[in-house]
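> Enclosed is the structure file model13.txt (compact mmCIF, C-alpha atoms and all ligand atoms).
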```txt
# COMPACT_ATOMS: atom_id res chain seq x y z
CA MET A 1 201.38 230.69 253.01
CA THR A 2 197.58 230.63 252.54
CA LEU A 3 197.93 229.84 248.85
CA PHE A 4 200.61 227.24 249.56
CA LYS A 5 198.36 225.46 252.07
CA ALA A 6 195.45 225.56 249.61
CA LEU A 7 197.63 224.01 246.89
CA LEU A 8 198.88 221.33 249.30
CA ALA A 9 195.29 220.44 250.28
CA GLN A 10 194.27 220.19 246.62
CA LEU A 11 197.29 217.99 245.88
CA LEU A 12 196.46 215.71 248.80
CA GLY A 13 192.92 215.39 247.43
CA LEU A 14 194.35 214.46 244.04
CA LEU A 15 196.69 211.85 245.55
CA ILE A 16 193.84 210.31 247.58
CA ALA A 17 191.60 210.14 244.49
CA ILE A 18 194.35 208.60 242.30
CA GLY A 19 195.46 206.25 245.11
CA LEU A 20 191.96 204.92 245.85
CA ASN A 21 190.82 204.66 242.24
CA PRO A 22 192.32 201.18 241.53
CA PHE A 23 190.51 199.79 244.60
CA LEU A 24 187.06 200.99 243.56
CA PRO A 25 184.61 198.40 242.16
CA PRO A 26 184.45 198.95 238.35
CA HIS A 27 180.89 200.30 238.35
CA TYR A 28 181.90 202.96 240.97
CA SER A 29 184.96 204.13 239.07
CA SER A 30 183.84 207.23 237.21
CA TRP A 31 184.81 210.89 236.90
CA ILE A 32 182.13 211.81 239.43
CA THR A 33 183.52 209.38 242.03
CA LEU A 34 187.03 210.74 241.41
CA LEU A 35 185.79 214.31 241.85
CA ILE A 36 184.01 213.39 245.10
CA LEU A 37 187.16 211.66 246.39
CA GLN A 38 189.40 214.58 245.37
CA SER A 39 187.11 217.18 247.00
CA SER A 40 186.78 215.15 250.20
CA GLY A 41 190.55 214.58 250.29
CA ALA A 42 191.21 218.29 249.74
CA MET A 43 188.81 219.13 252.59
CA LEU A 44 190.62 216.65 254.83
CA GLY A 45 193.96 218.23 253.84
CA SER A 46 192.56 221.68 254.60
CA LYS A 47 191.45 220.51 258.06
CA LEU A 48 194.87 218.95 258.73
CA LEU A 49 196.59 222.17 257.66
CA ARG A 50 194.27 224.12 259.99
CA GLN A 51 192.92 226.43 257.32
CA PRO A 52 189.92 228.56 258.40
CA SER A 53 186.58 226.76 257.99
CA TRP A 54 185.46 228.69 254.87
CA TRP A 55 188.26 226.93 252.97
CA LEU A 56 186.33 223.66 253.31
CA VAL A 57 183.62 225.03 251.01
CA ILE A 58 186.25 226.29 248.54
CA HIS A 59 187.98 222.88 248.45
CA LEU A 60 184.64 221.09 248.13
CA LEU A 61 183.68 223.14 245.08
CA PHE A 62 187.04 223.85 243.40
CA LEU A 63 187.66 220.84 241.15
CA PRO A 64 183.95 220.04 240.49
CA SER A 65 183.46 223.70 239.37
CA ALA A 66 186.57 223.49 237.17
CA ALA A 67 185.24 220.25 235.61
CA ALA A 68 181.78 221.79 235.07
CA LEU A 69 183.33 224.87 233.41
CA LEU A 70 185.53 222.69 231.18
CA SER A 71 182.47 220.80 230.00
CA LEU A 72 180.99 224.13 228.80
CA GLN A 73 183.95 224.46 226.40
CA LEU A 74 184.22 228.22 226.87
CA ALA A 75 186.81 230.20 224.92
CA ALA A 76 190.08 230.50 226.89
CA TYR A 77 189.84 234.29 227.29
CA TRP A 78 186.76 233.85 229.55
CA TYR A 79 188.98 232.23 232.19
CA LEU A 80 191.42 235.11 232.02
CA LEU A 81 188.56 237.61 232.24
CA ILE A 82 186.98 235.83 235.24
CA LEU A 83 190.41 235.64 236.94
CA ILE A 84 191.02 239.37 236.41
CA VAL A 85 187.57 240.29 237.79
CA LEU A 86 188.04 238.02 240.81
CA ILE A 87 191.47 239.54 241.50
CA LEU A 88 190.05 243.06 241.29
CA VAL A 89 187.18 242.17 243.65
CA PHE A 90 189.01 239.99 246.18
CA TRP A 91 192.25 241.97 246.09
CA GLY A 92 194.80 240.56 248.51
CA THR A 93 192.49 237.81 249.81
CA VAL A 94 194.89 235.16 248.58
CA LYS A 95 197.58 236.63 250.88
CA GLY A 96 195.19 236.25 253.80
CA ASP A 97 193.47 239.65 253.63
CA VAL A 98 189.81 240.05 254.44
CA PRO A 99 187.48 239.06 251.57
CA LEU A 100 184.40 240.99 250.47
CA PHE A 101 181.14 240.07 252.13
CA LEU A 102 178.38 242.52 252.86
CA SER A 103 176.59 243.85 255.91
CA SER A 104 172.81 243.45 256.05
CA THR A 105 170.24 246.27 255.96
CA ALA A 106 169.47 245.53 259.62
CA VAL A 107 173.14 246.14 260.50
CA VAL A 108 173.03 249.50 258.69
CA GLU A 109 169.88 250.43 260.64
CA ALA A 110 171.58 249.54 263.93
CA ILE A 111 174.64 251.65 263.02
CA SER A 112 172.37 254.53 262.00
CA LYS A 113 170.71 254.45 265.47
CA LEU A 114 174.12 254.44 267.17
CA ILE A 115 175.22 257.44 265.08
CA THR A 116 172.09 259.33 266.20
CA GLN A 117 172.62 258.31 269.86
CA GLU A 118 176.23 259.49 269.69
CA SER A 119 175.31 262.77 267.92
CA ALA A 120 178.24 261.86 265.68
CA GLN A 121 179.60 264.37 263.19
CA TYR A 122 182.43 262.28 261.73
CA PHE A 123 182.08 258.64 260.75
CA ALA A 124 184.61 256.30 259.17
CA GLU A 125 184.38 252.80 257.75
CA LEU A 126 187.37 250.48 257.49
CA GLY A 127 187.14 248.25 254.42
CA ALA A 128 183.99 249.80 252.98
CA GLY A 129 183.27 247.31 250.20
CA ILE A 130 180.67 248.53 247.71
CA GLY A 131 179.13 251.13 250.04
CA THR A 132 176.48 248.88 251.60
CA VAL A 133 176.91 250.81 254.86
CA THR A 134 178.11 254.26 253.80
CA VAL A 135 175.63 254.95 250.98
CA PRO A 136 172.43 254.55 253.08
CA LEU A 137 174.10 256.37 256.00
CA ALA A 138 175.06 259.30 253.75
CA LYS A 139 171.42 259.51 252.67
CA GLN A 140 169.94 259.20 256.18
CA HIS A 141 172.44 261.57 257.84
CA PRO A 142 173.17 264.40 255.39
CA GLN A 143 175.08 266.34 258.10
CA LEU A 144 177.40 263.43 258.88
CA ILE A 145 180.87 263.55 257.30
CA ILE A 146 181.69 260.04 256.14
CA ASN A 147 185.13 258.80 255.12
CA ALA A 148 185.59 255.23 253.98
CA TRP A 149 188.65 253.23 252.99
CA GLU A 150 188.63 250.33 250.60
CA ARG A 151 191.60 248.62 249.02
CA ALA A 152 190.06 246.34 246.36
CA PRO A 153 189.70 248.20 243.01
CA ILE A 154 186.26 247.00 241.84
CA PRO A 155 184.41 247.38 245.19
CA TRP A 156 186.09 250.79 245.61
CA ALA A 157 184.97 251.91 242.10
CA ILE A 158 181.40 250.73 242.78
CA ASN A 159 181.47 252.53 246.14
CA VAL A 160 182.64 255.80 244.54
CA TRP A 161 179.97 255.49 241.82
CA ARG A 162 177.19 254.81 244.37
CA SER A 163 178.32 257.73 246.55
CA ARG A 164 178.42 260.21 243.66
CA HIS A 165 175.24 262.05 244.76
CA TYR A 166 176.31 262.38 248.40
CA ALA A 167 178.76 265.20 248.99
CA ASN A 168 179.12 264.12 252.64
CA SER A 169 180.57 260.69 251.76
CA HIS A 170 183.99 259.89 250.33
CA CYS A 171 185.54 256.52 249.66
CA TYR A 172 189.33 256.44 249.29
CA ARG A 173 191.31 253.66 247.69
CA SER A 174 193.67 253.18 250.61
CA ASN A 175 194.99 250.55 252.91
CA LEU A 176 193.21 250.96 256.24
CA TRP A 177 196.46 250.37 258.14
CA ASN A 178 197.84 253.67 256.81
CA CYS A 179 194.87 255.88 257.65
CA ASP A 180 194.42 258.56 260.28
CA PHE A 181 191.64 257.56 262.71
CA SER A 182 191.92 260.46 265.13
CA GLN A 183 189.08 262.74 263.96
CA TYR A 184 186.13 260.33 264.05
CA ASP A 185 183.29 260.05 266.56
CA VAL A 186 182.28 256.61 265.32
CA ILE A 187 184.29 254.06 263.34
CA PHE A 188 182.75 250.92 261.87
CA ALA A 189 184.63 247.78 260.81
CA PHE A 190 183.45 244.43 259.45
CA LEU A 191 186.71 242.60 258.84
CA SER A 192 187.99 239.24 260.03
CA PRO A 193 188.74 237.51 263.35
CA THR A 194 192.37 237.00 262.30
CA ILE A 195 193.19 240.71 262.24
CA MET A 196 191.22 241.82 265.31
CA PRO A 197 194.19 241.68 267.75
CA GLU A 198 196.33 243.81 265.40
CA LEU A 199 193.41 246.17 264.71
CA GLY A 200 192.76 246.59 268.42
CA ALA A 201 196.42 247.42 269.07
CA LYS A 202 196.36 250.03 266.30
CA LEU A 203 193.01 251.65 267.18
CA GLN A 204 193.73 251.78 270.90
CA THR A 205 196.10 254.67 270.37
CA ALA A 206 194.95 255.93 266.97
CA MET A 207 191.29 256.64 267.82
CA ARG A 208 190.19 259.67 269.81
CA PRO A 209 189.42 258.89 273.49
CA GLY A 210 185.65 258.92 273.98
CA SER A 211 184.93 257.87 270.39
CA LEU A 212 183.07 254.67 269.56
CA LEU A 213 184.34 251.68 267.62
CA ILE A 214 181.70 249.32 266.23
CA SER A 215 183.02 245.96 265.10
CA SER A 216 180.58 243.75 263.27
CA SER A 217 180.68 240.03 264.12
CA PHE A 218 184.22 239.93 265.49
CA ALA A 219 185.25 240.95 268.99
CA ILE A 220 188.64 242.40 269.83
CA PRO A 221 190.35 239.96 272.20
CA ASP A 222 190.81 241.33 275.74
CA TRP A 223 188.74 244.45 275.07
CA LYS A 224 185.59 244.96 277.12
CA PRO A 225 182.67 246.09 274.94
CA GLU A 226 180.49 248.90 276.30
CA SER A 227 177.58 247.04 274.72
CA ILE A 228 176.85 244.25 272.26
CA LYS A 229 173.95 244.91 269.91
CA GLN A 230 172.15 241.83 268.66
CA VAL A 231 170.95 242.47 265.11
CA ASN A 232 167.90 240.66 263.82
CA ASP A 233 169.25 239.55 260.44
CA LEU A 234 169.86 236.15 258.86
CA ALA A 235 173.41 235.90 260.24
CA LYS A 236 172.24 237.00 263.73
CA THR A 237 175.04 239.57 263.59
CA GLN A 238 176.43 240.97 266.79
CA LEU A 239 177.83 244.49 266.86
CA TYR A 240 180.59 244.92 269.45
CA CYS A 241 180.63 248.54 270.61
CA TYR A 242 183.82 249.74 272.28
CA ARG A 243 184.21 253.12 273.96
CA ILE A 244 187.81 254.01 273.33
CA ALA A 245 188.59 255.58 276.70
CA ASP A 246 187.25 252.42 278.39
CA ALA A 247 189.04 249.98 276.13
CA TYR A 248 192.47 250.48 277.58
CA GLU A 249 191.69 251.69 281.07
C1 LIG B 301 183.84 241.86 255.07
S1 LIG B 301 184.00 243.10 253.82
C2 LIG B 301 182.95 244.34 254.49
C3 LIG B 301 182.37 245.27 253.44
C4 LIG B 301 181.53 246.40 254.02
N1 LIG B 301 182.23 247.08 255.08
C5 LIG B 301 180.21 245.89 254.56
O1 LIG B 301 180.09 245.86 255.80
O2 LIG B 301 179.32 245.54 253.78
C6 LIG B 301 185.65 243.68 254.16
C7 LIG B 301 186.16 244.67 253.15
O3 LIG B 301 187.40 245.18 253.65
C8 LIG B 301 188.29 245.36 252.56
N2 LIG B 301 189.66 245.34 253.10
C9 LIG B 301 190.32 244.28 253.61
N3 LIG B 301 191.55 244.62 254.03
C10 LIG B 301 191.67 245.96 253.77
C11 LIG B 301 192.71 246.90 253.97
N4 LIG B 301 193.87 246.54 254.53
N5 LIG B 301 192.49 248.18 253.60
C12 LIG B 301 191.30 248.56 253.04
N6 LIG B 301 190.29 247.71 252.82
C13 LIG B 301 190.45 246.42 253.18
C14 LIG B 301 188.01 244.19 251.63
O4 LIG B 301 188.43 244.45 250.32
C15 LIG B 301 186.47 244.09 251.77
O5 LIG B 301 185.83 244.87 250.79
```
What does the file become when written as structure tokens?


Amino acid sequence: MTLFKALLAQLLGLLIAIGLNPFLPPHYSSWITLLILQSSGAMLGSKLLRQPSWWLVIHLLFLPSAAALLSLQLAAYWYLLILIVLILVFWGTVKGDVPLFLSSTAVVEAISKLITQESAQYFAELGAGIGTVTVPLAKQHPQLIINAWERAPIPWAINVWRSRHYANSHCYRSNLWNCDFSQYDVIFAFLSPTIMPELGAKLQTAMRPGSLLISSSFAIPDWKPESIKQVNDLAKTQLYCYRIADAYE
């Protein structure tokens, strides 16, 4: 559905650009004007189809980037190579899964403090990316057992490579929805607002009562956080901390 909506928005942009072209004064009718019209039309289509806001940026840049790449006259295999790398990094994103974007150092420091406060022995990360969180934590807390799950092949491989010196940290190439959450004192997730209701429903019963769930940036609807940590990073990230026993009392 996501891909279908994206294609529809692009098509609408194309129709708007082609439709308006004959009405443009001759000195305005150029490839650049057509690209601007197509991108704006695609953004409008995206808005009408109620795609999440990040799609606006994708629609704005899609055709102009394609035109810029074409002008470089690269050999055809480069496109295939770039496509394969993108698929292996953003695995499943096209179906609406959570894309890769990384937590800041300040977020990792805040999680590290929470782990110390909790005297945690077992820590898990859902959707661990390239190990931005788990690698520094494994170094700072050598006694902490860290398990991380990541589905996308390239981030997972980078994570495993970066964790190779830390016996206390393991990253598994698994779907987080199939994992066992019951043994952890602290679980960290930085995912997407669209899956928070489903994640909350799953973790409510799957996490150990008394354990702590830290969700970066996205709250779980209808759950009452024990605290919200304001992180001093560029994104002004908020960490929603939920005590599991409290969450469904
Ligand atoms: C927003 S990134 C966060 C990366 C990392 N946790 C960080 O904070 O820097 C979300 C990650 O979750 C992964 N992911 C999304 N859905 C997943 C699933 N069902 N199972 C495992 N990993 C998933 C994505 O591939 C992506 O790497």

> At what distance in Å, to one decimal, does atom CA of A:Phe218 lie from atom CA of A:Pro136?

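Answer for the atom CA of A:Pro136 to atom CA of A:Phe218 separation: 22.5 Å.
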
> Kindly indicate which residue among A:Leu191, A:Leu3, A:Ile154, A:Ala235 lies nearest to ligand LIG 301 (chain B), using only C-alpha atoms and all ligand atoms for the distances.

A:Leu191

> Can you tell me, as an MDAnalysis selection string, which residues sit within 12 Å of (191.2, 238.9, 273.0) in the file's frame, using all atoms listed in the file?

chainID A and resid 193:201 218:225 247

> With distances taken over all atoms listed in the file, which residue among A:Ser119, A:Gln10, A:Ser169, A:Ser46 lies nearest A:Phe62?

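So, comparing all the options, the nearest one is A:Gln10.
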
> Please, what distance in Å, to one decimal, runs between atom CA of A:Ser192 and atom CA of A:Val98?

5.9 Å

> Taking all atoms listed in the file and a cut-off of 7 Å, can you tell me which residues surround ligand LIG 301 (chain B), written as a ChimeraX atom specification?

/A:90-91,97-103,125-133,149-152,155,174-177,189-192

> Out of A:Cys171, A:Ala68, A:Val107, A:Cys241, which residue has the shortest atom-to-atom distance to A:Leu35 when counting all atoms listed in the file?

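Ranking A:Cys171, A:Ala68, A:Val107, A:Cys241 by distance to A:Leu35, first place goes to A:Ala68.
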
> Separation of atom CA of A:Ser227 and atom CA of A:Gln121, in Å?

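Rounded to one decimal, the two atoms are 20.9 Å apart.
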
> Would you be able to write out as a PDB file with C-alpha atoms, in the coordinates of the input which residues have an atom within 8 Å of (186.6, 259.7, 271.0) in the file's coordinates, counting only C-alpha atoms?


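The new file selection33.pdb reads:
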```
ATOM      1  CA  SER A 182     191.920 260.460 265.130  1.00  0.00           C
ATOM      2  CA  TYR A 184     186.130 260.330 264.050  1.00  0.00           C
ATOM      3  CA  ASP A 185     183.290 260.050 266.560  1.00  0.00           C
ATOM      4  CA  VAL A 186     182.280 256.610 265.320  1.00  0.00           C
ATOM      5  CA  MET A 207     191.290 256.640 267.820  1.00  0.00           C
ATOM      6  CA  ARG A 208     190.190 259.670 269.810  1.00  0.00           C
ATOM      7  CA  PRO A 209     189.420 258.890 273.490  1.00  0.00           C
ATOM      8  CA  GLY A 210     185.650 258.920 273.980  1.00  0.00           C
ATOM      9  CA  SER A 211     184.930 257.870 270.390  1.00  0.00           C
ATOM     10  CA  LEU A 212     183.070 254.670 269.560  1.00  0.00           C
ATOM     11  CA  ARG A 243     184.210 253.120 273.960  1.00  0.00           C
ATOM     12  CA  ILE A 244     187.810 254.010 273.330  1.00  0.00           C
ATOM     13  CA  ALA A 245     188.590 255.580 276.700  1.00  0.00           C
TER      14      ALA A 245
END
```

> What's the 12 Å shell around A:Leu20, counting all atoms listed in the file, without same-chain residues fewer than 6 positions away, as an mmCIF file with C-alpha atoms, keeping the file's coordinate frame?


```
data_model
loop_
_atom_site.group_PDB
_atom_site.id
_atom_site.type_symbol
_atom_site.label_atom_id
_atom_site.label_comp_id
_atom_site.auth_asym_id
_atom_site.auth_seq_id
_atom_site.Cartn_x
_atom_site.Cartn_y
_atom_site.Cartn_z
ATOM 1 C CA GLY A 13 192.920 215.390 247.430
ATOM 2 C CA LEU A 14 194.350 214.460 244.040
ATOM 3 C CA TYR A 28 181.900 202.960 240.970
ATOM 4 C CA SER A 29 184.960 204.130 239.070
ATOM 5 C CA THR A 33 183.520 209.380 242.030
ATOM 6 C CA LEU A 34 187.030 210.740 241.410
ATOM 7 C CA LEU A 35 185.790 214.310 241.850
ATOM 8 C CA ILE A 36 184.010 213.390 245.100
ATOM 9 C CA LEU A 37 187.160 211.660 246.390
ATOM 10 C CA GLN A 38 189.400 214.580 245.370
ATOM 11 C CA GLY A 41 190.550 214.580 250.290
#
```

> Have a look at A:Thr105, A:Leu48, A:Gln140, A:Ala76 and name the one nearest to A:Thr237; count only C-alpha atoms.

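Using only C-alpha atoms, A:Thr237 sits closest to A:Thr105.
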
> Can you work out which one of A:Ala66, A:Thr93, A:Tyr240, A:Leu8 has the shortest atom-to-atom distance to A:Tyr79, counting all atoms listed in the file?

A:Ala66

> Select, from A:Val108, A:Ala138, A:Leu86, A:Met1, the residue with the minimum atom-to-atom distance to A:Asn232, counting only C-alpha atoms.

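Among A:Val108, A:Ala138, A:Leu86, A:Met1, it is A:Val108 that comes nearest to A:Asn232.
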
> List as a ChimeraX atom specification the protein and nucleic acid residues near A:Tyr166, meaning an atom at most 9 Å away when all atoms listed in the file are counted, but skip any in the same chain fewer than 6 places from it.

/A:135,138-139,142

> Got a sec: who's within 10 Å of A:His170, counting only C-alpha atoms, leaving out chain neighbours fewer than 6 positions off, as a list in words?

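In the requested format, the answer is Ala124, Thr134, Val135, Ala138, Ile145, Ile146, Asn147, Ala148, Trp149, Asn159, Val160, Ser163 and Arg164 of chain A.
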
> Specify the axis-aligned box that encloses all atoms of stretch 219-235 of chain A listed in the file after padding of 4 Å on each side, stating its centre and edge lengths in Å to one decimal as lines of an AutoDock Vina configuration file.


```
center_x = 179.4
center_y = 242.4
center_z = 268.0
size_x = 30.9
size_y = 21.0
size_z = 26.3
```
